[in-house]
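This report concerns only the one structure given below.
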Amino acid sequence: MKRIAVIGTGYVGLVSGACFAYLGHKVIGLDVDEEKIEKLKRGEVPIYEPGLDRILEKAIENGNIEFTTDYGYAVKNSDFIFIAVGTPSRKDGSADLSYVESAYRSIAEHISDGDFKIVVNKSTVPVGTGRWAKEFIAGLLREKGIKEPEKCFEVVSNPEFLREGKAVEDFMKPDRVVVGADDRDVAGKVASLYEKLQPPILITDLPTAEMIKYASNAFLATKISFINEVANICEKFGADVTVVARGMGLDHRISPHFLRAGCGFGGSCFPKDVKALIHTGKVAGEEPKLLEAVIDVNERQKLKPVEKLLNHIPDLKGKTVAVWGLAFKPETDDMREAPSIPIVRKLLELGAVVKAYDPVALENAKKVFSEDIKRFGDRLEFVEDKYEALEGADALILVTEWKEFKDVDFDKLKGKVVIDGRNLWEPSVMKQICTYESIGRP
Ligand SMILES: NC(=O)c1ccc[n+]([C@@H]2O[C@H](COP(=O)([O-])OP(=O)(O)OC[C@H]3O[C@@H](n4cnc5c(N)ncnc54)[C@H](O)[C@@H]3O)[C@@H](O)[C@H]2O)c1
């Protein structure tokens, strides 16, 4: 049993904290968001993440997890302090480290001479951040009169690879745990927190661990943009990208994963991490051309469904378009960088009436589209039922492939233009029912 504080109780912090507590460690979850902490204290889970409520309930029952907004309490009562705050994109693509920096400051405020705290970066931070953090925290401790600040803490990189929607499963059965530190003993201590999971463990230096995270996300994003580009070429020649991807994926050097053509990637990680890696490379004098193309292809791909719809209904003024799926992917309520955002906005700009539905992301979607709701009034409607979205609709765009969309009452799609942005349905069947188009399939 180890004493762990997790700073930031968002998707990563809450899942990691709950899972560490489930594994038997004593966890303190801390957030600056008082409302979130109040909810957590009442046992409510503030995000939608399958399986998280059960794990959290168990951890609370065992008395292994508590929540606070008090940094003093969290730092004093922990030996490992995991940082899991956001690192969003700045306008120039760089990672905004202000939340991370603020967390370091608050931690440093409560480190005393004689302490030894292991500060673990779980947030995705650009290569070089860990070494910079060591200088930064040491400087803050020196200002407080601590003469040998290096003896009071160490900084470790332990990037997180979980996927929203499968976060608990991914945390409990990781493909690998990466721990980077200048001090191998300290890295070993962090690795030992995962002992019960028996994962493959890779111990590296600090910058290498930081780079593994960015390189992994950039590679996955590259696979998606790659297959989307292939899909667009397939369309011109009547080739079927799903079969092309299957044929490619049988080659073990390629693997079948992340080769699903669609209307682009979104989320809080791929877009921002690829942009941050581009920025880091450029600052270092490199020209990350491939990564820039990954973002460009993705931006264009997000609007493919609207382009396809315009081929069938060239003037969308006054036409009603149903949108199914708003979250950036199924099994999450996360709307960050969701392809649905540019799609819905483009439809509204073209004069359409949009009726949008998502099984769990409606509340978050209303926040994201708050300005659009003001601007477009009742031309943007959020509905609680997928079939209600179809009432009076001329067209349907499927943006997020939630399971509940797989087997629907297809009669309700009769006579409509259906754009399947995720290749969820079978073209030969759909063409009997409606005017159907998907991505990269004849
Ligand atoms: N979401 C994912 O799927 C995922 C996967 C792997 C890695 N990551 C990385 O993990 C990090 C966190 O991502 P997330 O999606 O969990 O973010 P999130 O926005 O869901 O959560 C961040 C939390 O940190 C809190 N916070 C902000 N500043 C704080 C401070 N100074 N002190 C305490 N709490 C503070 C916020 O209130 C919020 O609750 C990011 O760097 C992200 O890139 C995310």
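To be explicit about the labels: the chains of the structure tokens are called A, B, and onward in the order shown, and within each one the residues are counted from 1, while ligands get numbers from 1 in the order they are shown.
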Discussion item. Quick check for you: according to DSSP on this backbone, which residues of stretch 275-416 of chain A are classed as helix (DSSP H, G or I)? Reply as an MDAnalysis selection string.
Written reply: chainID A and resid 275:283 289:302 304:312 340:349 362:368 370:379 386:390 403:405 410:413
Discussion item. So that I can check the surroundings of A:Pro256, please list as a ChimeraX atom specification every protein, DNA and RNA residue that reaches within 7 Å of it, counting only C-alpha atoms and ignoring chain neighbours fewer than 6 positions away.
Written reply: /A:245-246,249-250
Worksheet entry | Residue nearest ligand 1 among A:Trp132, A:Tyr194, A:Tyr71, A:Phe258 (counting only C-alpha atoms and all ligand atoms) |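 Of A:Trp132, A:Tyr194, A:Tyr71, A:Phe258, the one nearest ligand 1, counting only C-alpha atoms and all ligand atoms, is A:Tyr71.
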Write out, as CSV, each residue of stretch 162-251 of chain A that has an atom at most 12 Å from stretch 421-433 of chain A, together with the closest pair of atoms and their distance in Å to one decimal, counting only C-alpha atoms, rows going by chain and rising number.
residue,atom,partner,partner_atom,distance
A:Asn228,CA,A:Arg422,CA,11.0
A:Ala231,CA,A:Asn423,CA,11.1
A:Asp240,CA,A:Pro427,CA,10.8
A:Val241,CA,A:Asn423,CA,9.8
A:Thr242,CA,A:Asn423,CA,8.4
A:Val243,CA,A:Asn423,CA,11.8
Generate a file of the selected residues that holds N, CA and C atoms, formatted as a compact mmCIF listing (two decimals), in the first residue's frame.
# COMPACT_ATOMS: atom_id res chain seq x y z
N ASN A 228 -7.70 7.60 -44.32
CA ASN A 228 -8.71 8.52 -44.86
C ASN A 228 -8.28 9.02 -46.25
N ALA A 231 -8.91 6.28 -48.54
CA ALA A 231 -10.37 6.16 -48.77
C ALA A 231 -10.82 7.13 -49.86
N ASP A 240 -12.96 -0.47 -52.40
CA ASP A 240 -13.60 -0.45 -51.09
C ASP A 240 -12.52 -0.35 -50.00
N VAL A 241 -12.48 0.79 -49.31
CA VAL A 241 -11.39 1.02 -48.34
C VAL A 241 -11.45 0.05 -47.17
N THR A 242 -12.65 -0.45 -46.82
CA THR A 242 -12.69 -1.36 -45.67
C THR A 242 -11.98 -2.67 -46.02
N VAL A 243 -12.12 -3.08 -47.29
CA VAL A 243 -11.44 -4.32 -47.70
C VAL A 243 -9.94 -4.05 -47.90
Practice prompt. Residues within 7 Å of ligand 1 should be enumerated using only C-alpha atoms and all ligand atoms and returned as number ranges by chain.
Written response: A: 7-13, 30-33, 84-87, 99-100, 102-103, 122-125, 159-164, 268-269
Write the residues of the preceding selection, restricted to N, CA and C atoms, as a PDB file, in the first residue's frame.
ATOM      1  N   ILE A   7      -3.373  14.865  -8.746  1.00  0.00           N
ATOM      2  CA  ILE A   7      -3.754  16.272  -8.930  1.00  0.00           C
ATOM      3  C   ILE A   7      -4.514  16.401 -10.249  1.00  0.00           C
ATOM      4  N   GLY A   8      -5.786  16.771 -10.158  1.00  0.00           N
ATOM      5  CA  GLY A   8      -6.641  16.805 -11.355  1.00  0.00           C
ATOM      6  C   GLY A   8      -7.491  15.546 -11.380  1.00  0.00           C
ATOM      7  N   THR A   9      -8.802  15.715 -11.244  1.00  0.00           N
ATOM      8  CA  THR A   9      -9.682  14.529 -11.237  1.00  0.00           C
ATOM      9  C   THR A   9     -10.557  14.519 -12.494  1.00  0.00           C
ATOM     10  N   GLY A  10      -9.917  14.711 -13.648  1.00  0.00           N
ATOM     11  CA  GLY A  10     -10.620  14.615 -14.930  1.00  0.00           C
ATOM     12  C   GLY A  10     -10.609  13.172 -15.408  1.00  0.00           C
ATOM     13  N   TYR A  11     -10.671  12.984 -16.718  1.00  0.00           N
ATOM     14  CA  TYR A  11     -10.739  11.636 -17.286  1.00  0.00           C
ATOM     15  C   TYR A  11      -9.545  10.787 -16.827  1.00  0.00           C
ATOM     16  N   VAL A  12      -8.343  11.353 -16.910  1.00  0.00           N
ATOM     17  CA  VAL A  12      -7.151  10.570 -16.563  1.00  0.00           C
ATOM     18  C   VAL A  12      -6.968  10.478 -15.048  1.00  0.00           C
ATOM     19  N   GLY A  13      -7.074  11.626 -14.364  1.00  0.00           N
ATOM     20  CA  GLY A  13      -6.814  11.648 -12.925  1.00  0.00           C
ATOM     21  C   GLY A  13      -7.803  10.812 -12.145  1.00  0.00           C
ATOM     22  N   LEU A  30      -7.288  15.280  -5.872  1.00  0.00           N
ATOM     23  CA  LEU A  30      -7.402  16.721  -5.642  1.00  0.00           C
ATOM     24  C   LEU A  30      -7.781  17.438  -6.929  1.00  0.00           C
ATOM     25  N   ASP A  31      -8.642  18.414  -6.804  1.00  0.00           N
ATOM     26  CA  ASP A  31      -8.963  19.243  -7.963  1.00  0.00           C
ATOM     27  C   ASP A  31      -9.220  20.666  -7.481  1.00  0.00           C
ATOM     28  N   VAL A  32      -8.996  21.635  -8.381  1.00  0.00           N
ATOM     29  CA  VAL A  32      -9.318  23.027  -8.033  1.00  0.00           C
ATOM     30  C   VAL A  32     -10.805  23.306  -8.271  1.00  0.00           C
ATOM     31  N   ASP A  33     -11.483  22.390  -8.965  1.00  0.00           N
ATOM     32  CA  ASP A  33     -12.902  22.547  -9.262  1.00  0.00           C
ATOM     33  C   ASP A  33     -13.716  22.045  -8.057  1.00  0.00           C
ATOM     34  N   ALA A  84      -2.230  15.190 -13.177  1.00  0.00           N
ATOM     35  CA  ALA A  84      -3.110  14.755 -14.289  1.00  0.00           C
ATOM     36  C   ALA A  84      -4.015  15.914 -14.703  1.00  0.00           C
ATOM     37  N   VAL A  85      -3.440  17.108 -14.746  1.00  0.00           N
ATOM     38  CA  VAL A  85      -4.229  18.280 -15.168  1.00  0.00           C
ATOM     39  C   VAL A  85      -4.145  18.407 -16.695  1.00  0.00           C
ATOM     40  N   GLY A  86      -5.007  19.226 -17.259  1.00  0.00           N
ATOM     41  CA  GLY A  86      -5.053  19.362 -18.714  1.00  0.00           C
ATOM     42  C   GLY A  86      -3.825  20.072 -19.281  1.00  0.00           C
ATOM     43  N   THR A  87      -3.492  19.742 -20.523  1.00  0.00           N
ATOM     44  CA  THR A  87      -2.417  20.438 -21.248  1.00  0.00           C
ATOM     45  C   THR A  87      -2.958  20.785 -22.639  1.00  0.00           C
ATOM     46  N   TYR A  99      -1.533  25.014 -16.437  1.00  0.00           N
ATOM     47  CA  TYR A  99      -2.165  24.232 -15.353  1.00  0.00           C
ATOM     48  C   TYR A  99      -1.117  23.365 -14.643  1.00  0.00           C
ATOM     49  N   VAL A 100      -0.204  22.830 -15.440  1.00  0.00           N
ATOM     50  CA  VAL A 100       0.863  21.999 -14.877  1.00  0.00           C
ATOM     51  C   VAL A 100       1.756  22.863 -13.984  1.00  0.00           C
ATOM     52  N   SER A 102       1.003  25.639 -12.512  1.00  0.00           N
ATOM     53  CA  SER A 102       0.277  26.035 -11.312  1.00  0.00           C
ATOM     54  C   SER A 102       0.257  24.882 -10.290  1.00  0.00           C
ATOM     55  N   ALA A 103       0.133  23.648 -10.791  1.00  0.00           N
ATOM     56  CA  ALA A 103       0.158  22.489  -9.884  1.00  0.00           C
ATOM     57  C   ALA A 103       1.536  22.370  -9.223  1.00  0.00           C
ATOM     58  N   LYS A 122       1.776  12.661 -15.251  1.00  0.00           N
ATOM     59  CA  LYS A 122       0.927  11.759 -16.035  1.00  0.00           C
ATOM     60  C   LYS A 122       0.276  12.558 -17.166  1.00  0.00           C
ATOM     61  N   SER A 123       0.151  13.851 -16.931  1.00  0.00           N
ATOM     62  CA  SER A 123      -0.299  14.726 -18.015  1.00  0.00           C
ATOM     63  C   SER A 123       0.657  14.562 -19.185  1.00  0.00           C
ATOM     64  N   THR A 124       0.130  14.735 -20.398  1.00  0.00           N
ATOM     65  CA  THR A 124       0.994  14.684 -21.580  1.00  0.00           C
ATOM     66  C   THR A 124       1.718  16.019 -21.697  1.00  0.00           C
ATOM     67  N   VAL A 125       3.029  15.987 -21.502  1.00  0.00           N
ATOM     68  CA  VAL A 125       3.798  17.249 -21.541  1.00  0.00           C
ATOM     69  C   VAL A 125       4.949  17.131 -22.536  1.00  0.00           C
ATOM     70  N   PRO A 159       3.758   8.680 -18.634  1.00  0.00           N
ATOM     71  CA  PRO A 159       2.660   9.060 -19.522  1.00  0.00           C
ATOM     72  C   PRO A 159       1.529   8.048 -19.500  1.00  0.00           C
ATOM     73  N   GLU A 160       0.333   8.537 -19.747  1.00  0.00           N
ATOM     74  CA  GLU A 160      -0.853   7.679 -19.706  1.00  0.00           C
ATOM     75  C   GLU A 160      -1.308   7.381 -21.127  1.00  0.00           C
ATOM     76  N   PHE A 161      -1.688   6.126 -21.364  1.00  0.00           N
ATOM     77  CA  PHE A 161      -2.106   5.722 -22.716  1.00  0.00           C
ATOM     78  C   PHE A 161      -3.568   5.297 -22.783  1.00  0.00           C
ATOM     79  N   LEU A 162      -4.316   5.487 -21.672  1.00  0.00           N
ATOM     80  CA  LEU A 162      -5.704   4.994 -21.688  1.00  0.00           C
ATOM     81  C   LEU A 162      -6.534   5.710 -22.739  1.00  0.00           C
ATOM     82  N   ARG A 163      -7.597   5.002 -23.187  1.00  0.00           N
ATOM     83  CA  ARG A 163      -8.535   5.588 -24.148  1.00  0.00           C
ATOM     84  C   ARG A 163      -9.837   5.892 -23.428  1.00  0.00           C
ATOM     85  N   GLU A 164     -10.401   7.064 -23.657  1.00  0.00           N
ATOM     86  CA  GLU A 164     -11.712   7.345 -23.086  1.00  0.00           C
ATOM     87  C   GLU A 164     -12.691   6.311 -23.639  1.00  0.00           C
ATOM     88  N   SER A 268      -9.509  14.956 -26.992  1.00  0.00           N
ATOM     89  CA  SER A 268      -8.653  15.899 -26.266  1.00  0.00           C
ATOM     90  C   SER A 268      -7.187  15.578 -26.464  1.00  0.00           C
ATOM     91  N   CYS A 269      -6.875  14.502 -27.216  1.00  0.00           N
ATOM     92  CA  CYS A 269      -5.465  14.091 -27.294  1.00  0.00           C
ATOM     93  C   CYS A 269      -4.850  14.189 -28.687  1.00  0.00           C
TER      94      CYS A 269
END
Fill in: Surrounding residues of A:Ile233 excluding itself and chain neighbours under 5 positions, 12 Å, only C-alpha atoms, as a list of chain:residue names
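Contacts, in chain order: A:Phe226, A:Ile227, A:Asn228, A:Gly238, A:Ala239, A:Asp240, A:Val241, A:Val244, A:Ala261, A:Ile439, A:Gly440, A:Arg441, A:Pro442.
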Keeping only N, CA and C atoms, write the selected residues as an mmCIF file, in the first residue's frame.
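selection29.cif, freshly written:
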data_model
loop_
_atom_site.group_PDB
_atom_site.id
_atom_site.type_symbol
_atom_site.label_atom_id
_atom_site.label_comp_id
_atom_site.auth_asym_id
_atom_site.auth_seq_id
_atom_site.Cartn_x
_atom_site.Cartn_y
_atom_site.Cartn_z
ATOM 1 N N PHE A 226 -3.876 8.608 -42.843
ATOM 2 C CA PHE A 226 -3.403 7.812 -43.982
ATOM 3 C C PHE A 226 -4.570 7.051 -44.624
ATOM 4 N N ILE A 227 -5.329 6.343 -43.781
ATOM 5 C CA ILE A 227 -6.409 5.520 -44.351
ATOM 6 C C ILE A 227 -7.519 6.425 -44.903
ATOM 7 N N ASN A 228 -7.697 7.604 -44.317
ATOM 8 C CA ASN A 228 -8.706 8.519 -44.861
ATOM 9 C C ASN A 228 -8.283 9.016 -46.246
ATOM 10 N N GLY A 238 -13.833 3.274 -57.365
ATOM 11 C CA GLY A 238 -14.757 2.206 -56.990
ATOM 12 C C GLY A 238 -14.124 1.116 -56.148
ATOM 13 N N ALA A 239 -13.002 1.414 -55.502
ATOM 14 C CA ALA A 239 -12.401 0.425 -54.585
ATOM 15 C C ALA A 239 -13.029 0.597 -53.205
ATOM 16 N N ASP A 240 -12.962 -0.468 -52.399
ATOM 17 C CA ASP A 240 -13.597 -0.449 -51.087
ATOM 18 C C ASP A 240 -12.519 -0.352 -50.003
ATOM 19 N N VAL A 241 -12.477 0.789 -49.313
ATOM 20 C CA VAL A 241 -11.394 1.024 -48.343
ATOM 21 C C VAL A 241 -11.453 0.051 -47.166
ATOM 22 N N VAL A 244 -9.637 -2.861 -48.418
ATOM 23 C CA VAL A 244 -8.221 -2.474 -48.558
ATOM 24 C C VAL A 244 -7.556 -2.517 -47.182
ATOM 25 N N ALA A 261 -11.487 4.054 -41.988
ATOM 26 C CA ALA A 261 -11.739 5.350 -42.621
ATOM 27 C C ALA A 261 -13.010 5.962 -42.038
ATOM 28 N N ILE A 439 -17.850 6.360 -46.478
ATOM 29 C CA ILE A 439 -16.507 6.904 -46.737
ATOM 30 C C ILE A 439 -15.624 5.845 -47.407
ATOM 31 N N GLY A 440 -15.256 6.100 -48.650
ATOM 32 C CA GLY A 440 -14.291 5.233 -49.332
ATOM 33 C C GLY A 440 -14.840 3.893 -49.749
ATOM 34 N N ARG A 441 -16.186 3.798 -49.862
ATOM 35 C CA ARG A 441 -16.750 2.516 -50.312
ATOM 36 C C ARG A 441 -17.604 2.760 -51.546
ATOM 37 N N PRO A 442 -17.609 1.815 -52.488
ATOM 38 C CA PRO A 442 -18.386 2.039 -53.714
ATOM 39 C C PRO A 442 -19.874 2.061 -53.426
#
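Reported to one decimal place, the separation of atom CA of A:Arg260 from atom CA of A:Val321 is 24.6 Å.
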Discussion item. Need the shell around stretch 282-296 of chain A: protein/DNA/RNA residues with any atom at most 7 Å away, counting only C-alpha atoms. Skip same-chain ones fewer than 5 positions apart. Format as a ChimeraX atom specification?
Written reply: /A:221-222,225,274
Worksheet item: Do you know which residues are at most 9 Å from stretch 105-111 of chain A counting only C-alpha atoms, after dropping those on the same chain fewer than 6 positions away, and could you put them as a VMD selection string?
Response: chain A and resid 71 to 76 81 117 119 136 to 138 140 to 141 144 152 to 153
Worksheet item: Which one of A:Thr320, A:Thr208, A:Ser16, A:Ser370 sits closest to A:Ala167 if you count only C-alpha atoms?
Response: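 Among A:Thr320, A:Thr208, A:Ser16, A:Ser370, it is A:Ser16 that comes nearest to A:Ala167.
Distances to A:Lys346 were evaluated for A:Phe376, A:Phe405, A:Tyr48, A:Phe270 using only C-alpha atoms, and the minimum falls at A:Phe376.
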Worksheet entry | One-decimal distance in Å that lies between atom CA of A:Ile83 and atom CA of A:Ser98 | 12.6 Å
Fill in: Those of stretch 34-279 of chain A in DSSP strand (DSSP E), formatted as a PyMOL selection string
chain A and resi 65-68+80-83+117-121+153-157+177-181+201-204
Save the residues we just selected, N, CA and C atoms, as an mmCIF file, in the first residue's frame?
data_model
loop_
_atom_site.group_PDB
_atom_site.id
_atom_site.type_symbol
_atom_site.label_atom_id
_atom_site.label_comp_id
_atom_site.auth_asym_id
_atom_site.auth_seq_id
_atom_site.Cartn_x
_atom_site.Cartn_y
_atom_site.Cartn_z
ATOM 1 N N ILE A 65 -9.905 5.816 -0.993
ATOM 2 C CA ILE A 65 -9.834 7.060 -1.776
ATOM 3 C C ILE A 65 -10.628 8.160 -1.071
ATOM 4 N N GLU A 66 -10.067 9.339 -1.099
ATOM 5 C CA GLU A 66 -10.787 10.516 -0.587
ATOM 6 C C GLU A 66 -10.508 11.679 -1.524
ATOM 7 N N PHE A 67 -11.328 12.727 -1.413
ATOM 8 C CA PHE A 67 -11.199 13.854 -2.338
ATOM 9 C C PHE A 67 -11.075 15.164 -1.582
ATOM 10 N N THR A 68 -10.292 16.067 -2.135
ATOM 11 C CA THR A 68 -10.051 17.338 -1.458
ATOM 12 C C THR A 68 -9.696 18.430 -2.469
ATOM 13 N N PHE A 80 3.784 9.897 -3.419
ATOM 14 C CA PHE A 80 3.768 10.024 -4.880
ATOM 15 C C PHE A 80 2.698 11.054 -5.231
ATOM 16 N N ILE A 81 3.068 12.051 -6.020
ATOM 17 C CA ILE A 81 2.072 13.064 -6.406
ATOM 18 C C ILE A 81 1.956 13.045 -7.925
ATOM 19 N N PHE A 82 0.862 12.473 -8.407
ATOM 20 C CA PHE A 82 0.642 12.375 -9.854
ATOM 21 C C PHE A 82 -0.026 13.649 -10.352
ATOM 22 N N ILE A 83 0.526 14.221 -11.414
ATOM 23 C CA ILE A 83 -0.099 15.388 -12.040
ATOM 24 C C ILE A 83 -0.935 14.884 -13.221
ATOM 25 N N LYS A 117 9.338 13.854 -1.925
ATOM 26 C CA LYS A 117 8.109 13.637 -2.692
ATOM 27 C C LYS A 117 8.474 13.268 -4.137
ATOM 28 N N ILE A 118 7.768 12.295 -4.656
ATOM 29 C CA ILE A 118 7.987 11.916 -6.058
ATOM 30 C C ILE A 118 6.850 12.530 -6.883
ATOM 31 N N VAL A 119 7.220 13.501 -7.700
ATOM 32 C CA VAL A 119 6.224 14.199 -8.522
ATOM 33 C C VAL A 119 6.182 13.498 -9.884
ATOM 34 N N VAL A 120 5.032 12.943 -10.226
ATOM 35 C CA VAL A 120 4.940 12.120 -11.437
ATOM 36 C C VAL A 120 4.070 12.825 -12.480
ATOM 37 N N ASN A 121 4.654 13.126 -13.620
ATOM 38 C CA ASN A 121 3.867 13.733 -14.698
ATOM 39 C C ASN A 121 3.097 12.665 -15.451
ATOM 40 N N PHE A 153 12.744 16.154 -3.515
ATOM 41 C CA PHE A 153 11.772 15.662 -4.511
ATOM 42 C C PHE A 153 12.509 15.103 -5.729
ATOM 43 N N GLU A 154 11.787 14.361 -6.530
ATOM 44 C CA GLU A 154 12.284 13.946 -7.846
ATOM 45 C C GLU A 154 11.097 14.060 -8.803
ATOM 46 N N VAL A 155 11.396 14.334 -10.071
ATOM 47 C CA VAL A 155 10.323 14.392 -11.071
ATOM 48 C C VAL A 155 10.422 13.160 -11.979
ATOM 49 N N VAL A 156 9.292 12.532 -12.216
ATOM 50 C CA VAL A 156 9.238 11.305 -13.021
ATOM 51 C C VAL A 156 8.183 11.498 -14.112
ATOM 52 N N SER A 157 8.438 10.931 -15.275
ATOM 53 C CA SER A 157 7.423 10.946 -16.336
ATOM 54 C C SER A 157 6.774 9.560 -16.413
ATOM 55 N N VAL A 177 3.695 0.006 -19.378
ATOM 56 C CA VAL A 177 3.795 1.154 -18.468
ATOM 57 C C VAL A 177 5.174 1.756 -18.718
ATOM 58 N N VAL A 178 5.181 3.040 -19.056
ATOM 59 C CA VAL A 178 6.451 3.715 -19.345
ATOM 60 C C VAL A 178 6.786 4.627 -18.168
ATOM 61 N N VAL A 179 7.989 4.473 -17.640
ATOM 62 C CA VAL A 179 8.414 5.332 -16.530
ATOM 63 C C VAL A 179 9.774 5.914 -16.886
ATOM 64 N N GLY A 180 9.837 7.238 -16.905
ATOM 65 C CA GLY A 180 11.101 7.902 -17.245
ATOM 66 C C GLY A 180 11.578 8.757 -16.088
ATOM 67 N N ALA A 181 12.848 8.614 -15.727
ATOM 68 C CA ALA A 181 13.382 9.425 -14.627
ATOM 69 C C ALA A 181 14.889 9.495 -14.743
ATOM 70 N N ILE A 201 6.980 -3.337 -18.464
ATOM 71 C CA ILE A 201 7.423 -2.023 -17.966
ATOM 72 C C ILE A 201 8.655 -1.575 -18.728
ATOM 73 N N LEU A 202 8.641 -0.328 -19.157
ATOM 74 C CA LEU A 202 9.794 0.228 -19.855
ATOM 75 C C LEU A 202 10.304 1.398 -19.031
ATOM 76 N N ILE A 203 11.524 1.244 -18.517
ATOM 77 C CA ILE A 203 12.114 2.344 -17.745
ATOM 78 C C ILE A 203 13.111 3.084 -18.626
ATOM 79 N N THR A 204 12.943 4.401 -18.687
ATOM 80 C CA THR A 204 13.769 5.206 -19.601
ATOM 81 C C THR A 204 14.246 6.468 -18.864
#
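Across A:Val45, A:Leu348, A:Met248, A:Val360, the tightest approach to A:Arg375 is made by A:Leu348 when counting only C-alpha atoms.
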Practice prompt. Mind checking which residues fall within 12 Å of stretch 401-404 of chain A, counting only C-alpha atoms, ignoring those fewer than 3 positions away in the same chain, and posting them as a ChimeraX atom specification?
Written response: /A:165,260,262-263,323-333,340,357-361,385-387,397-398,407-409,420-425
Item to complete: Calculate how many Å separate atom CA of A:Ala191 from atom CA of A:Tyr104, rounding to one decimal.
Response: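 So the answer is 21.6 Å.
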Worksheet item: Which is closer to A:Lys275 than all the others in A:Ala95, A:Ile55, A:Ile373, A:Val27, using only C-alpha atoms?
Response: A:Ala95
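Take the candidates A:Leu14, A:Cys434, A:Val383, A:Val297 and check each one against A:Ile37 using only C-alpha atoms; the shortest distance goes to A:Leu14.
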